[in-house]
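File shown here: work.txt, holding compact mmCIF, C-alpha atoms.
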```txt
# COMPACT_ATOMS: atom_id res chain seq x y z
CA MET A 44 -48.74 53.53 118.65
CA ALA A 45 -50.69 56.29 116.90
CA GLN A 46 -52.75 55.10 113.98
CA ILE A 47 -52.40 56.76 110.59
CA LYS A 48 -55.66 57.61 108.92
CA PRO A 49 -55.91 55.60 105.66
CA ARG A 50 -56.44 57.84 102.65
CA THR A 51 -55.94 57.91 98.91
CA LEU A 52 -54.07 60.86 97.44
CA SER A 53 -56.13 63.37 95.49
CA GLY A 54 -56.06 62.61 91.78
CA PHE A 55 -55.46 58.89 92.22
CA MET A 56 -58.15 56.27 91.59
CA GLU A 57 -58.81 53.14 93.62
CA LEU A 58 -61.67 50.84 92.60
CA LEU A 59 -63.71 48.36 94.58
CA PRO A 60 -63.37 44.75 93.35
CA HIS A 61 -66.47 44.66 91.11
CA ARG A 62 -65.49 47.95 89.45
CA GLN A 63 -61.91 46.72 89.02
CA ALA A 64 -63.29 43.64 87.25
CA GLN A 65 -65.24 45.89 84.87
CA PHE A 66 -62.17 48.05 84.23
CA ASP A 67 -60.02 44.97 83.58
CA ARG A 68 -62.63 43.68 81.13
CA MET A 69 -62.35 46.92 79.17
CA VAL A 70 -58.56 46.63 79.10
CA GLU A 71 -58.84 43.03 77.91
CA ILE A 72 -61.19 44.05 75.07
CA LEU A 73 -58.86 46.85 73.97
CA ARG A 74 -55.87 44.48 73.97
CA ARG A 75 -57.80 41.99 71.86
CA THR A 76 -59.07 44.68 69.48
CA TYR A 77 -55.64 46.22 68.94
CA SER A 78 -54.20 42.76 68.30
CA LEU A 79 -56.78 42.19 65.55
CA TYR A 80 -55.09 44.95 63.56
CA GLY A 81 -51.59 43.54 63.90
CA PHE A 82 -50.37 45.65 66.82
CA THR A 83 -47.94 44.08 69.25
CA GLY A 84 -48.07 44.79 72.97
CA LEU A 85 -45.25 46.81 74.49
CA ASP A 86 -44.27 47.97 77.96
CA THR A 87 -41.77 50.67 78.83
CA PRO A 88 -40.44 51.73 82.26
CA LEU A 89 -42.51 54.02 84.47
CA ILE A 90 -39.30 55.86 85.37
CA GLU A 91 -36.94 57.37 82.81
CA ALA A 92 -33.97 59.71 82.90
CA SER A 93 -35.40 63.24 83.09
CA GLU A 94 -33.38 64.42 80.10
CA VAL A 95 -35.01 61.70 77.99
CA LEU A 96 -38.58 62.55 78.99
CA LEU A 97 -38.08 66.30 78.85
CA ALA A 98 -36.15 66.43 75.56
CA LYS A 99 -39.16 67.91 73.80
CA GLY A 100 -40.80 69.15 76.96
CA GLY A 101 -40.34 72.33 78.92
CA GLY A 102 -43.02 74.84 79.83
CA GLU A 103 -46.20 73.23 81.14
CA THR A 104 -44.82 69.72 80.75
CA GLU A 105 -41.92 70.42 83.08
CA LYS A 106 -44.27 71.97 85.65
CA GLN A 107 -46.52 68.89 85.69
CA ILE A 108 -43.91 66.15 85.71
CA TYR A 109 -43.10 64.10 88.82
CA ARG A 110 -39.33 64.53 89.08
CA PHE A 111 -36.91 63.37 91.75
CA THR A 112 -33.30 62.37 92.33
CA LYS A 113 -31.90 59.07 93.52
CA GLY A 114 -28.27 59.57 94.44
CA ASP A 115 -26.91 61.72 91.62
CA THR A 116 -29.43 60.45 89.03
CA ASP A 117 -32.15 62.81 87.80
CA LEU A 118 -35.31 60.74 87.25
CA SER A 119 -38.93 61.36 86.25
CA LEU A 120 -42.17 59.40 86.02
CA ARG A 121 -43.48 59.12 82.46
CA PHE A 122 -46.22 61.67 81.69
CA ASP A 123 -47.44 59.96 78.52
CA LEU A 124 -46.67 56.83 76.47
CA THR A 125 -45.55 58.61 73.29
CA VAL A 126 -42.24 60.04 74.50
CA PRO A 127 -41.08 56.67 75.93
CA LEU A 128 -42.10 55.12 72.59
CA ALA A 129 -39.91 57.62 70.76
CA LYS A 130 -36.95 56.66 72.94
CA TYR A 131 -37.72 52.95 72.48
CA VAL A 132 -37.91 53.12 68.69
CA ALA A 133 -34.76 55.25 68.44
CA LEU A 134 -32.89 52.83 70.73
CA HIS A 135 -34.04 49.65 68.98
CA ALA A 136 -34.51 50.88 65.40
CA GLY A 137 -31.94 48.42 64.07
CA GLU A 138 -33.79 45.48 65.66
CA LEU A 139 -37.39 46.40 64.76
CA SER A 140 -39.38 45.66 61.62
CA PHE A 141 -41.03 48.68 60.02
CA PRO A 142 -43.74 49.77 59.91
CA PHE A 143 -43.64 49.09 63.64
CA ARG A 144 -47.14 48.69 65.08
CA ARG A 145 -47.39 48.72 68.85
CA PHE A 146 -50.07 49.11 71.48
CA GLN A 147 -49.46 49.97 75.10
CA ILE A 148 -51.86 50.20 78.02
CA GLY A 149 -50.25 51.58 81.14
CA LYS A 150 -50.17 54.21 83.85
CA VAL A 151 -48.82 57.71 83.35
CA TYR A 152 -48.34 60.53 85.85
CA ARG A 153 -48.99 64.26 85.71
CA GLY A 154 -48.70 66.54 88.70
CA GLU A 155 -51.49 68.87 87.61
CA ARG A 156 -54.34 70.09 89.79
CA ALA A 157 -56.74 67.23 90.39
CA GLN A 158 -60.25 67.99 89.16
CA ARG A 159 -63.48 66.08 88.68
CA GLY A 160 -62.67 63.44 86.08
CA ARG A 161 -59.03 64.56 85.85
CA PHE A 162 -56.39 62.41 87.49
CA ARG A 163 -52.72 62.62 88.40
CA GLU A 164 -52.22 58.89 87.91
CA PHE A 165 -54.18 57.40 85.05
CA TYR A 166 -54.17 54.68 82.42
CA GLN A 167 -53.68 55.46 78.76
CA ALA A 168 -54.42 52.97 75.99
CA ASP A 169 -52.31 53.90 72.95
CA ILE A 170 -51.62 52.59 69.49
CA ASP A 171 -48.98 53.91 67.10
CA VAL A 172 -47.70 52.95 63.66
CA ILE A 173 -44.10 54.05 63.06
CA GLY A 174 -42.47 54.16 59.64
CA ASP A 175 -38.82 54.16 58.64
CA GLY A 176 -38.35 57.29 56.53
CA LYS A 177 -41.90 57.20 55.14
CA LEU A 178 -45.34 56.06 56.26
CA ASP A 179 -48.20 55.56 53.83
CA ILE A 180 -51.36 57.68 54.19
CA VAL A 181 -53.50 54.51 54.30
CA ASN A 182 -52.31 54.00 57.87
CA GLU A 183 -54.03 57.27 58.74
CA ALA A 184 -57.24 56.02 57.10
CA GLU A 185 -57.13 52.81 59.16
CA ILE A 186 -57.00 54.58 62.52
CA PRO A 187 -60.73 55.57 62.57
CA ALA A 188 -61.61 51.91 61.86
CA ILE A 189 -59.66 50.85 64.95
CA ILE A 190 -61.36 53.53 67.05
CA TYR A 191 -64.77 52.41 65.75
CA LYS A 192 -64.03 48.73 66.39
CA ALA A 193 -62.68 49.38 69.89
CA PHE A 194 -65.61 51.46 71.10
CA THR A 195 -68.36 49.33 69.55
CA THR A 196 -66.78 46.18 71.01
CA LEU A 197 -66.78 47.88 74.42
CA GLY A 198 -70.50 48.59 73.89
CA LEU A 199 -70.49 52.30 73.03
CA ARG A 200 -72.87 53.25 70.21
CA ARG A 201 -73.48 57.00 70.23
CA PHE A 202 -70.09 58.42 69.33
CA GLN A 203 -68.51 60.19 66.39
CA ILE A 204 -64.93 60.25 65.11
CA ARG A 205 -63.97 63.72 63.92
CA VAL A 206 -61.07 64.10 61.51
CA ASN A 207 -59.08 66.99 60.08
CA ASN A 208 -55.63 67.58 58.62
CA ARG A 209 -53.12 70.06 60.00
CA LYS A 210 -51.80 70.72 56.47
CA VAL A 211 -55.26 71.98 55.54
CA LEU A 212 -55.19 74.42 58.45
CA ASN A 213 -51.60 75.54 57.88
CA GLY A 214 -52.29 75.94 54.17
CA LEU A 215 -55.35 78.06 54.91
CA PHE A 216 -53.37 80.19 57.37
CA ALA A 217 -50.69 80.81 54.74
CA LEU A 218 -53.30 81.63 52.11
CA LEU A 219 -55.01 84.11 54.44
CA GLY A 220 -51.75 85.74 55.51
CA LEU A 221 -51.78 84.23 59.01
CA GLU A 222 -48.60 82.18 58.64
CA ALA A 223 -46.64 84.23 61.18
CA HIS A 224 -49.21 83.40 63.87
CA ALA A 225 -49.97 79.83 62.69
CA GLY A 226 -49.20 78.16 66.04
CA ASP A 227 -51.20 80.67 68.07
CA VAL A 228 -54.13 80.57 65.65
CA MET A 229 -54.07 76.76 65.71
CA ARG A 230 -54.24 76.63 69.51
CA THR A 231 -57.02 79.25 69.53
CA ILE A 232 -59.09 77.32 66.99
CA ASP A 233 -58.68 74.22 69.15
CA LYS A 234 -60.74 76.06 71.81
CA LEU A 235 -63.58 76.84 69.40
CA GLU A 236 -66.03 74.26 70.77
CA LYS A 237 -65.33 75.30 74.36
CA ILE A 238 -65.52 79.10 74.08
CA GLY A 239 -67.49 79.69 70.85
CA PRO A 240 -66.72 81.60 67.61
CA ASP A 241 -67.21 85.13 69.01
CA LYS A 242 -64.55 84.70 71.69
CA VAL A 243 -62.22 82.98 69.23
CA LEU A 244 -62.63 85.88 66.80
CA GLY A 245 -61.91 88.29 69.63
CA ILE A 246 -58.66 86.49 70.52
CA LEU A 247 -57.59 86.33 66.87
CA THR A 248 -58.18 90.04 66.27
CA GLU A 249 -57.10 91.49 69.61
CA ASP A 250 -54.19 89.22 70.58
CA PHE A 251 -52.73 88.28 67.19
CA GLY A 252 -53.72 91.21 64.99
CA VAL A 253 -55.83 89.18 62.57
CA ALA A 254 -58.02 91.42 60.41
CA PRO A 255 -61.71 91.00 61.38
CA ASP A 256 -62.74 90.13 57.80
CA THR A 257 -59.98 87.49 57.57
CA GLY A 258 -60.96 86.05 60.95
CA ARG A 259 -64.62 85.83 59.95
CA GLN A 260 -63.72 84.23 56.60
CA LEU A 261 -61.67 81.60 58.42
CA LEU A 262 -64.36 80.89 61.01
CA ASP A 263 -67.08 80.65 58.34
CA LEU A 264 -65.02 78.06 56.48
CA LEU A 265 -64.23 76.10 59.66
CA GLY A 266 -67.91 76.04 60.62
CA THR A 267 -69.28 74.90 57.25
CA GLU A 268 -71.61 71.89 57.13
CA ASN A 269 -69.96 70.56 53.94
CA PRO A 270 -66.20 70.94 54.54
CA MET A 271 -64.97 68.83 51.60
CA GLU A 272 -67.21 70.77 49.23
CA ALA A 273 -66.08 74.09 50.71
CA LEU A 274 -62.39 73.12 50.44
CA ALA A 275 -62.79 72.29 46.74
CA ALA A 276 -63.03 76.03 46.04
CA TYR A 277 -59.52 76.50 47.52
CA LYS A 278 -57.78 73.87 45.40
CA GLY A 279 -54.84 75.07 43.33
CA LYS A 280 -54.25 78.16 45.49
CA HIS A 281 -51.56 76.83 47.83
CA GLU A 282 -49.31 73.74 47.62
CA LEU A 283 -49.53 72.74 51.30
CA LEU A 284 -53.31 73.23 51.31
CA ASP A 285 -53.65 71.04 48.20
CA GLN A 286 -51.59 68.32 49.88
CA GLY A 287 -53.75 68.46 53.00
CA ILE A 288 -56.99 68.31 51.00
CA SER A 289 -55.64 65.33 49.02
CA GLU A 290 -54.71 63.47 52.23
CA LEU A 291 -58.10 64.21 53.77
CA GLU A 292 -59.86 62.93 50.64
CA THR A 293 -57.80 59.73 50.80
CA VAL A 294 -58.67 59.13 54.45
CA VAL A 295 -62.38 59.76 53.83
CA GLY A 296 -62.33 57.63 50.69
CA TYR A 297 -61.09 54.49 52.45
CA LEU A 298 -63.32 54.65 55.54
CA SER A 299 -66.22 52.69 54.08
CA ALA A 300 -63.90 49.85 53.00
CA PHE A 301 -62.44 49.84 56.51
CA GLY A 302 -65.94 49.35 57.91
CA VAL A 303 -66.62 52.77 59.44
CA PRO A 304 -70.29 53.78 58.99
CA ALA A 305 -70.92 57.29 57.70
CA ASP A 306 -72.89 58.28 60.81
CA HIS A 307 -69.86 57.56 63.03
CA PHE A 308 -67.48 59.79 61.09
CA LYS A 309 -67.25 63.49 60.30
CA VAL A 310 -64.72 65.83 58.70
CA ASP A 311 -64.43 68.73 61.13
CA LEU A 312 -62.10 71.57 60.15
CA THR A 313 -62.13 72.94 63.71
CA ILE A 314 -60.18 69.93 65.02
CA ALA A 315 -56.65 71.24 65.45
CA ARG A 316 -55.10 69.35 68.41
CA GLY A 317 -53.02 71.76 70.44
CA LEU A 318 -49.76 69.81 70.37
CA ASP A 319 -47.18 71.15 67.93
CA TYR A 320 -45.82 67.79 66.80
CA TYR A 321 -48.92 66.83 64.77
CA THR A 322 -48.26 67.41 61.08
CA GLY A 323 -51.07 65.70 59.14
CA THR A 324 -54.32 63.91 59.95
CA VAL A 325 -55.72 64.58 63.44
CA TYR A 326 -58.52 62.79 65.27
CA GLU A 327 -60.93 63.46 68.11
CA THR A 328 -63.76 61.21 69.27
CA ALA A 329 -66.82 62.53 71.11
CA MET A 330 -69.81 60.95 72.85
CA LEU A 331 -72.77 62.47 71.02
CA ASP A 332 -75.00 62.59 74.10
CA HIS A 333 -72.28 64.13 76.29
CA PRO A 334 -70.32 66.70 74.24
CA GLU A 335 -69.37 68.45 77.48
CA ILE A 336 -67.00 65.56 78.24
CA GLY A 337 -64.74 66.45 75.32
CA SER A 338 -62.66 63.97 73.36
CA ILE A 339 -62.51 60.39 74.67
CA CYS A 340 -59.92 59.33 72.09
CA SER A 341 -57.56 61.60 70.17
CA GLY A 342 -54.31 61.64 68.25
CA GLY A 343 -52.85 62.18 64.82
CA ARG A 344 -49.95 62.06 62.39
CA TYR A 345 -46.45 63.25 63.30
CA ASP A 346 -43.46 63.31 60.97
CA ASN A 347 -40.49 63.17 63.30
CA LEU A 348 -41.22 61.09 66.36
CA ALA A 349 -37.68 60.71 67.63
CA GLU A 350 -35.79 63.78 66.39
CA TYR A 351 -34.27 64.37 69.85
CA TYR A 352 -32.87 60.83 70.03
CA THR A 353 -31.76 59.96 66.49
CA ASN A 354 -31.13 61.39 63.03
CA LYS A 355 -33.38 58.72 61.50
CA GLN A 356 -36.69 60.00 60.14
CA LEU A 357 -39.39 58.08 62.02
CA PRO A 358 -42.85 59.35 61.04
CA GLY A 359 -45.89 57.89 62.73
CA VAL A 360 -49.58 58.07 63.45
CA GLY A 361 -51.25 57.20 66.72
CA ILE A 362 -54.17 57.65 69.08
CA SER A 363 -54.65 57.55 72.82
CA ILE A 364 -57.64 56.70 75.01
CA GLY A 365 -57.53 58.21 78.49
CA LEU A 366 -58.89 55.04 80.02
CA THR A 367 -59.14 56.11 83.67
CA ARG A 368 -61.00 59.30 82.79
CA LEU A 369 -63.27 57.43 80.37
CA PHE A 370 -64.12 54.85 83.02
CA TYR A 371 -64.89 57.61 85.53
CA VAL A 372 -67.19 59.32 83.02
CA LEU A 373 -68.96 56.06 82.13
CA GLU A 374 -69.60 55.29 85.78
CA GLU A 375 -70.80 58.82 86.51
CA GLN A 376 -73.17 58.77 83.52
CA LYS A 377 -74.38 55.23 84.42
CA TYR A 378 -73.08 53.62 81.23
CA LEU A 379 -71.42 50.67 83.00
CA ASN A 380 -73.16 47.31 82.59
CA GLU A 381 -74.17 46.36 86.13
CA ASP A 382 -75.33 42.90 84.96
CA LEU A 383 -71.86 41.96 83.79
CA LEU A 384 -70.39 39.05 85.72
CA THR A 385 -67.71 40.54 88.01
CA ALA A 386 -67.41 37.80 90.64
CA PRO A 387 -63.88 36.63 91.52
CA ALA A 388 -64.98 32.98 91.15
CA ASP A 389 -67.47 30.97 89.11
CA ALA A 390 -68.14 28.45 91.85
CA LEU A 391 -67.82 28.40 95.63
CA ILE A 392 -67.41 25.00 97.31
CA LEU A 393 -68.83 24.69 100.82
CA PRO A 394 -67.42 21.52 102.47
CA MET A 395 -69.92 19.92 104.90
CA THR A 396 -67.51 17.34 106.37
CA GLU A 397 -64.54 17.52 108.69
CA ASP A 398 -62.27 15.88 106.14
CA LEU A 399 -61.63 18.46 103.43
CA SER A 400 -59.87 16.12 100.99
CA PRO A 401 -62.96 15.45 98.78
CA ALA A 402 -63.70 19.18 98.55
CA ILE A 403 -60.08 20.00 97.72
CA SER A 404 -60.03 17.28 95.05
CA LEU A 405 -63.29 18.63 93.54
CA ALA A 406 -61.86 22.17 93.47
CA THR A 407 -58.78 20.85 91.66
CA VAL A 408 -60.89 19.07 89.02
CA LEU A 409 -63.06 22.15 88.44
CA ARG A 410 -60.02 24.41 88.08
CA GLU A 411 -58.46 22.00 85.59
CA ALA A 412 -61.73 22.27 83.62
CA GLY A 413 -61.26 26.06 83.48
CA ILE A 414 -63.87 26.92 86.13
CA ARG A 415 -62.66 29.55 88.59
CA THR A 416 -63.25 27.89 91.93
CA GLN A 417 -62.95 29.07 95.52
CA LEU A 418 -62.91 26.75 98.50
CA TYR A 419 -64.63 28.25 101.56
CA THR A 420 -63.25 26.75 104.79
CA GLU A 421 -63.97 29.51 107.31
CA ASN A 422 -65.82 28.51 110.49
CA LYS A 423 -68.97 30.56 109.89
CA LYS A 424 -72.68 29.95 110.09
CA PHE A 425 -74.35 28.54 106.99
CA LYS A 426 -76.24 31.79 106.35
CA GLN A 427 -72.98 33.77 106.41
CA LYS A 428 -71.40 31.37 103.93
CA ILE A 429 -74.27 31.78 101.48
CA GLY A 430 -74.24 35.52 102.12
CA TYR A 431 -70.56 35.61 101.15
CA ALA A 432 -71.30 34.05 97.76
CA ASP A 433 -74.31 36.28 97.26
CA LYS A 434 -72.46 39.49 98.10
CA LEU A 435 -69.64 38.67 95.67
CA GLY A 436 -72.07 37.59 92.97
CA ILE A 437 -70.58 34.10 92.66
CA PRO A 438 -73.06 32.34 90.35
CA TYR A 439 -72.76 28.75 91.66
CA VAL A 440 -72.44 27.29 95.17
CA ILE A 441 -71.50 23.63 95.58
CA PHE A 442 -72.39 21.73 98.76
CA LEU A 443 -70.35 18.63 99.49
CA GLY A 444 -71.60 16.51 102.40
CA GLU A 445 -71.26 12.86 103.36
CA ASP A 446 -74.25 11.78 101.22
CA GLU A 447 -72.90 13.54 98.11
CA ILE A 448 -69.41 12.11 98.67
CA ALA A 449 -70.84 8.59 99.05
CA GLN A 450 -72.74 8.99 95.74
CA GLY A 451 -69.76 10.49 93.93
CA LYS A 452 -71.82 13.64 93.34
CA ALA A 453 -72.21 17.22 94.56
CA ALA A 454 -75.19 19.50 95.19
CA VAL A 455 -74.89 22.47 92.82
CA LYS A 456 -77.02 25.57 93.39
CA ASP A 457 -77.55 28.23 90.74
CA MET A 458 -77.57 31.42 92.82
CA THR A 459 -79.49 33.34 90.14
CA THR A 460 -82.43 30.95 89.70
CA GLY A 461 -82.23 29.19 93.06
CA GLU A 462 -82.31 25.79 91.32
CA GLN A 463 -80.29 23.11 93.14
CA LEU A 464 -79.36 19.79 91.52
CA THR A 465 -77.31 16.85 92.76
CA GLN A 466 -74.94 16.02 89.91
CA THR A 467 -71.79 14.15 89.01
CA THR A 468 -68.69 16.26 88.58
CA ALA A 469 -68.91 15.92 84.78
CA GLU A 470 -72.57 17.01 84.80
CA ALA A 471 -71.78 19.93 87.09
CA ILE A 472 -68.96 21.11 84.80
CA VAL A 473 -71.27 21.11 81.75
CA ARG A 474 -74.03 22.93 83.64
CA ILE A 475 -71.69 25.58 85.05
CA ARG A 476 -70.02 26.14 81.68
CA ASP A 477 -73.36 26.54 79.91
CA GLY A 478 -74.62 28.91 82.59
CA LEU A 479 -71.44 31.00 82.46
CA ALA A 480 -71.64 31.22 78.66
CA ALA A 481 -75.15 32.65 78.92
CA ARG A 482 -74.06 35.15 81.59
CA SER A 483 -70.94 36.24 79.68
CA THR A 484 -72.90 37.80 76.86
CA GLY A 485 -72.96 41.57 77.03
CA THR A 486 -70.43 44.38 76.96
CA PRO A 487 -68.83 46.47 79.73
CA ILE A 488 -70.68 49.54 78.42
CA GLN A 489 -74.45 49.70 78.00
CA ASP A 490 -75.21 52.54 75.62
CA ARG A 491 -78.97 52.74 75.30
CA GLY A 492 -78.84 55.75 73.03
```
Let me see the file written as structure tokens.
Amino acid sequence: MAQIKPRTLSGFMELLPHRQAQFDRMVEILRRTYSLYGFTGLDTPLIEASEVLLAKGGGETEKQIYRFTKGDTDLSLRFDLTVPLAKYVALHAGELSFPFRRFQIGKVYRGERAQRGRFREFYQADIDVIGDGKLDIVNEAEIPAIIYKAFTTLGLRRFQIRVNNRKVLNGLFALLGLEAHAGDVMRTIDKLEKIGPDKVLGILTEDFGVAPDTGRQLLDLLGTENPMEALAAYKGKHELLDQGISELETVVGYLSAFGVPADHFKVDLTIARGLDYYTGTVYETAMLDHPEIGSICSGGRYDNLAEYYTNKQLPGVGISIGLTRLFYVLEEQKYLNEDLLTAPADALILPMTEDLSPAISLATVLREAGIRTQLYTENKKFKQKIGYADKLGIPYVIFLGEDEIAQGKAAVKDMTTGEQLTQTTAEAIVRIRDGLAARSTGTPIQDRG
């Protein structure tokens, strides 16, 4: 029989066990952080009816989606977590309590060209707050606090949350006579950091007929160091612009009370977010020492989440962390904490007698005490057994021979210090717990900036 060469598809990530443990630790921290703010966990199917997923799609979305038929059913893999949420809320609106606060961490699929740090299968970690008819602006002010809490708990320090409001941009466009090209101008501005002001001005003037003086006036305002001060001069000139400025002032005004330090937050009028469904506050989060990476967490306010599924007005605000890409970047830039305990077990028992019953009983007692315990029964040389524990980073090895069994004790070796003590089971449990507590300090990310 011909053997098939094992391979992983391009754009799909597989991690070795110690890296998977680090990734899972990050997921656990995000779950815990989101729960602190009253979000409930949710899961939706990976596969949906194509008409449901593509209701607001088309264009690039339809090109990237993984779509197939099973019998006469047209199916697709979800390409984000927001569209399935829209379907979910529309379907269960009568059973949910509003505002509905949910988090979801799961895989999504996009059939785009795989690139360095870009994946076809990847995890997203999302939160959204959905209102019934209305949703208070304070929810938009709370989002940066959740971003700040999540990243600092993971261990990231050098990052900045950048905030803008689409109503400010649309109001400015209307005031400057650019309303007819608002969508195109918005998407062009969103490229400002990548291609620079000169190229943006060129696109605005050559492709969309924006007058050079108007384009320069807009870019000067977007690039100002004191955006709130600069916007004050435009108050009273356009209703939508006034509303956007007021919302931005409210968001900024509550940030201190929500615990976001001033050096981790910035109003940035160039933040546009290319997606059309954002209608108010928008967010992007950047690593200050690696701006080339782009946003590691983004999102914003939308006023009609489920318009394709229901007549109910369901406004919301949400953010998404591209977790797989972020993990890839952190590993590449050597931000991952290599000292973090990633072993699959806390203790490895090496039986030294033919009768395994005492070792099995000890493993049972340790597990009941909450100590992750592995029983090693393979017929290997002693050096290979110790090497197994060492390679996996298991912190404690327990030897159980006839002398230890006769004394009702076990020989417990700390693999980090090399110290070996013969102890009762109760003493061993206390020692292992104390040692694990000391090793568990630290975060998945080590940001030395």
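Summary of the local environment: counting only C-alpha atoms, residues at most 6 Å from A:Leu197, other than itself and those fewer than 6 positions away along its chain, are Thr486, Pro487 and Ile488 of chain A.
Minimum atom-to-atom distances from A:Gly485, A:Gly287, A:Pro88, A:Gly461 to A:Asn207 were compared using all atoms listed in the file, and the lowest value belongs to A:Gly287.
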Write out as JSON lines the residues of stretch 189-303 of chain A that have any atom within 10 Å of an atom of stretch 164-184 of chain A, one row each with the nearest atom pair and its distance in Å to one decimal, counting all atoms listed in the file, sorted by chain and then rising number.
```
{"residue": "A:Ile189", "atom": "CA", "partner": "A:Ile170", "partner_atom": "CA", "distance": 9.4}
{"residue": "A:Val206", "atom": "CA", "partner": "A:Ala184", "partner_atom": "CA", "distance": 10.0}
{"residue": "A:Glu290", "atom": "CA", "partner": "A:Ile180", "partner_atom": "CA", "distance": 7.0}
{"residue": "A:Leu291", "atom": "CA", "partner": "A:Ala184", "partner_atom": "CA", "distance": 8.9}
{"residue": "A:Glu292", "atom": "CA", "partner": "A:Ala184", "partner_atom": "CA", "distance": 9.8}
{"residue": "A:Thr293", "atom": "CA", "partner": "A:Ala184", "partner_atom": "CA", "distance": 7.3}
{"residue": "A:Val294", "atom": "CA", "partner": "A:Ala184", "partner_atom": "CA", "distance": 4.3}
{"residue": "A:Val295", "atom": "CA", "partner": "A:Ala184", "partner_atom": "CA", "distance": 7.1}
{"residue": "A:Gly296", "atom": "CA", "partner": "A:Ala184", "partner_atom": "CA", "distance": 8.3}
{"residue": "A:Tyr297", "atom": "CA", "partner": "A:Ala184", "partner_atom": "CA", "distance": 6.2}
{"residue": "A:Leu298", "atom": "CA", "partner": "A:Ala184", "partner_atom": "CA", "distance": 6.4}
{"residue": "A:Ala300", "atom": "CA", "partner": "A:Ala184", "partner_atom": "CA", "distance": 10.0}
{"residue": "A:Phe301", "atom": "CA", "partner": "A:Ala184", "partner_atom": "CA", "distance": 8.1}
```
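The smallest atom-to-atom distance between A:Thr195 and any of A:Ile441, A:Ala45, A:Leu348, A:Met69, using all atoms listed in the file, is found for A:Met69.
Remark: for A:Gly81, the closest of the candidate residues A:Glu381, A:Glu185, A:Asp67, A:Glu155 is A:Glu185 (distances computed over all atoms listed in the file).
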Determine the nearest neighbour of A:Pro187 from the options A:Gly343, A:Gly323, A:Pro334, A:Gly54, counting only C-alpha atoms. A:Gly343
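Distance annotation: of A:Val360, A:Ile90, A:Ile288, A:Ile190, the residue with the minimal separation from A:Pro142 is A:Val360; atom set is all atoms listed in the file.
Restricting the calculation to all atoms listed in the file, the smallest distance between A:Tyr326 and any of A:Ala217, A:Ala188, A:Ile448, A:Val126 is found for A:Ala188.
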9 Å contact set for A:Ile475, only C-alpha atoms, chain neighbours under 6 positions out, as a PyMOL selection string: chain A and resi 389-390+414+438-439+455+457
So that I have them on file, write out the residues from the current selection with C-alpha atoms, as a compact mmCIF listing (two decimals), keeping the file's coordinate frame.
```txt
# COMPACT_ATOMS: atom_id res chain seq x y z
CA ASP A 389 -67.47 30.97 89.11
CA ALA A 390 -68.14 28.45 91.85
CA ILE A 414 -63.87 26.92 86.13
CA PRO A 438 -73.06 32.34 90.35
CA TYR A 439 -72.76 28.75 91.66
CA VAL A 455 -74.89 22.47 92.82
CA ASP A 457 -77.55 28.23 90.74
```
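Picture a line from atom CA of A:Leu265 to atom CA of A:Gly245; it runs 15.9 Å.
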Complete the atoms of stretch 383-393 of chain A to N, CA and C atoms and put them out as an mmCIF file, keeping the file's coordinate frame.
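Listing of out-v6.cif after writing:
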```
data_model
loop_
_atom_site.group_PDB
_atom_site.id
_atom_site.type_symbol
_atom_site.label_atom_id
_atom_site.label_comp_id
_atom_site.auth_asym_id
_atom_site.auth_seq_id
_atom_site.Cartn_x
_atom_site.Cartn_y
_atom_site.Cartn_z
ATOM 1 N N LEU A 383 -73.044 42.695 84.216
ATOM 2 C CA LEU A 383 -71.860 41.960 83.790
ATOM 3 C C LEU A 383 -71.310 41.149 84.964
ATOM 4 N N LEU A 384 -70.916 39.919 84.683
ATOM 5 C CA LEU A 384 -70.390 39.050 85.720
ATOM 6 C C LEU A 384 -69.035 39.568 86.196
ATOM 7 N N THR A 385 -68.960 39.984 87.471
ATOM 8 C CA THR A 385 -67.710 40.540 88.010
ATOM 9 C C THR A 385 -67.206 39.757 89.215
ATOM 10 N N ALA A 386 -67.807 38.600 89.482
ATOM 11 C CA ALA A 386 -67.410 37.800 90.640
ATOM 12 C C ALA A 386 -65.978 37.293 90.479
ATOM 13 N N PRO A 387 -65.259 37.129 91.603
ATOM 14 C CA PRO A 387 -63.880 36.630 91.520
ATOM 15 C C PRO A 387 -63.811 35.122 91.265
ATOM 16 N N ALA A 388 -64.942 34.435 91.372
ATOM 17 C CA ALA A 388 -64.980 32.980 91.150
ATOM 18 C C ALA A 388 -66.285 32.610 90.470
ATOM 19 N N ASP A 389 -66.259 31.490 89.740
ATOM 20 C CA ASP A 389 -67.470 30.970 89.110
ATOM 21 C C ASP A 389 -68.243 30.056 90.046
ATOM 22 N N ALA A 390 -67.505 29.406 90.928
ATOM 23 C CA ALA A 390 -68.140 28.450 91.850
ATOM 24 C C ALA A 390 -67.473 28.543 93.219
ATOM 25 N N LEU A 391 -68.299 28.414 94.252
ATOM 26 C CA LEU A 391 -67.820 28.400 95.630
ATOM 27 C C LEU A 391 -68.183 27.049 96.241
ATOM 28 N N ILE A 392 -67.168 26.316 96.689
ATOM 29 C CA ILE A 392 -67.410 25.000 97.310
ATOM 30 C C ILE A 392 -67.517 25.174 98.817
ATOM 31 N N LEU A 393 -68.617 24.676 99.372
ATOM 32 C CA LEU A 393 -68.830 24.690 100.820
ATOM 33 C C LEU A 393 -68.718 23.255 101.344
#
```
